[in-house]
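Engineer: Take this structure first; my questions come after.
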Amino acid sequence: MIAERLADVRRRVAQAALDAGRDPADVRLLLATKTQSVDLVREALAADARARADDPTLTAVLVGENRVQELVAKGPELAGLATVHLIGPLQSNKVNAALRWASCIESVESLDLADRLSARATEPLDVYVQVNVSGEETKHGVAPDEAVALAGAVAALPGLRVAGLMTIGARSDDTSVVRSGYALLRSLRDELVAAGTQTATELSMGMSGDLELAVAEGATLVRVGSAVFGARPR
C-alpha cells in the first residue's frame, strides 16, 4: 500500500510540475514521518529504492522529522538509509541532539538559534529559514518582512549554508490564499538570491493536501506524510 501511495504522490508532483511548465526532476520529495514507526519508514524507503531501480531518473526521497525526540529515537535505525531533515521547531537546548542525526535544519527562525547551530556544527550544515507567510499565530517562522535580513545574517555565520526558505501553507479552504502565500515565499527567495545569498535557491513548501499549489509556485521540496503513510497515528 505504501508503495502505491508513494507512486501516486510522485505522479501528482510530476503532473503539477508539467502543468506549471517545470521539469518534474526539479521537485524533490520529503517524507514527513511524525509519529510513524521505524518499520513503516523503512517500508517507504524500500519502496522508493525499488522505484528508483526501475526508473534511474528518480531522485531519492528525503526523511523529515518534526520532533527532536523522534529524530533521536529513529536515528540509529535509519542511519545510512536516507538523508534526514529536521522540519519542526528546534529548542536551543536540543541543538546537539538534532545535529547528531539531521543533515539539514529547515526550521531556523531566529539569529539566536542560528548562532547556536553555527557554534556547535562540526561540519558544514544546510539550513532553511522558516517564514510564516500566513501570519497565523499558531505557526512558527519569521515574519515575511524580516526574512531576507535574517537569512542574510544566517548566511554570514561560519559553518552554515542557507539552502533556501521553508514555510507551512495557510490553513484555508481558499486555494488563492494558500497559493499567494507560496508565491510570497518564492518572491522572498528571489530577493534573497538577488541580495547575494546565491546558495538560497530551495523552496520547501507544500504538503499532502496542497502540494500542487506549491509546485505551481516554484516548490523545489514538498513535504508529504499522510499521502504516503495514511492517517497519522494518534
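FYI, nothing fancy with the C-alpha cells labels: chains A, B, ... in order, residues from 1 per chain, ligands from 1 as they appear.
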Find the spatial neighbours of range 156-162 of chain A, counting only C-alpha atoms, within a cut-off of 7 Å - ignore same-chain residues fewer than 6 positions away - and output them as a list in words.

Structural biologist: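 Non-adjacent residues within range: Ser118, Ala121, Glu123, Pro124, Leu125, Asp126, Val127, Tyr128, Thr199 and Ala200 of chain A.
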
Engineer: Just list the residues in range 27-78 of chain A DSSP gives strand (DSSP E or B) on the backbone, as a ChimeraX atom specification.

Structural biologist: /A:28-32,62-65

Engineer: List the spatial neighbours of Gly164 in chain A as a JSON list (two decimals) with N, CA and C atoms, in the first residue's frame - criterion: any atom at most 7 Å away, only C-alpha atoms, same-chain residues fewer than 4 positions off excluded.

Structural biologist:
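Contents of part-v6.json, as written:
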[["chain", "number", "residue", "atom", "x", "y", "z"],
["A", 128, "TYR", "N", 17.48, 26.02, 6.37],
["A", 128, "TYR", "CA", 16.46, 26.82, 5.71],
["A", 128, "TYR", "C", 15.94, 27.82, 6.75],
["A", 129, "VAL", "N", 15.62, 29.01, 6.32],
["A", 129, "VAL", "CA", 14.96, 29.96, 7.20],
["A", 129, "VAL", "C", 13.45, 29.77, 7.06],
["A", 189, "ARG", "N", 12.53, 34.43, -1.73],
["A", 189, "ARG", "CA", 13.71, 33.67, -2.17],
["A", 189, "ARG", "C", 14.45, 34.41, -3.27],
["A", 200, "ALA", "N", 20.82, 30.16, -1.69],
["A", 200, "ALA", "CA", 19.46, 30.03, -1.16],
["A", 200, "ALA", "C", 18.42, 29.84, -2.26],
["A", 201, "THR", "N", 18.54, 28.76, -3.01],
["A", 201, "THR", "CA", 17.66, 28.54, -4.15],
["A", 201, "THR", "C", 16.45, 27.66, -3.84],
["A", 202, "GLU", "N", 16.48, 26.98, -2.71],
["A", 202, "GLU", "CA", 15.45, 25.99, -2.42],
["A", 202, "GLU", "C", 14.20, 26.61, -1.80],
["A", 203, "LEU", "N", 13.06, 26.00, -2.12],
["A", 203, "LEU", "CA", 11.77, 26.39, -1.53],
["A", 203, "LEU", "C", 11.10, 25.13, -0.99]]

Engineer: Would you please work out which residue, of A:Ser103, A:Tyr182, A:Val215, A:Ala16, is nearest to Thr122 in chain A when using only C-alpha atoms?

Structural biologist: A:Ser103

Engineer: Could you jot down the CA of Leu86 in chain A to CA of Leu117 in chain A separation for me, Å, one decimal place?

Structural biologist: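 So the two atoms, CA of Leu86 in chain A and CA of Leu117 in chain A, lie 12.7 Å apart.
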
Engineer: Set the distance at 9 Å and use only C-alpha atoms: which residues neighbour Arg100 in chain A once local chain neighbours fewer than 4 positions away are removed? I'd like the list as a PDB file with N, CA and C atoms, in the first residue's frame.

Structural biologist:
ATOM      1  N   VAL A  72      15.892  11.531  17.409  1.00  0.00           N
ATOM      2  CA  VAL A  72      16.895  10.798  18.180  1.00  0.00           C
ATOM      3  C   VAL A  72      16.528   9.318  18.290  1.00  0.00           C
ATOM      4  N   GLY A  75      16.878   7.773  14.722  1.00  0.00           N
ATOM      5  CA  GLY A  75      18.156   7.995  14.057  1.00  0.00           C
ATOM      6  C   GLY A  75      19.002   6.755  13.869  1.00  0.00           C
ATOM      7  N   VAL A  95      19.879  21.408  20.404  1.00  0.00           N
ATOM      8  CA  VAL A  95      20.680  21.573  19.196  1.00  0.00           C
ATOM      9  C   VAL A  95      21.656  20.412  19.016  1.00  0.00           C
ATOM     10  N   ASN A  96      22.359  20.045  20.059  1.00  0.00           N
ATOM     11  CA  ASN A  96      23.348  18.971  19.939  1.00  0.00           C
ATOM     12  C   ASN A  96      22.701  17.661  19.491  1.00  0.00           C
TER      13      ASN A  96
END
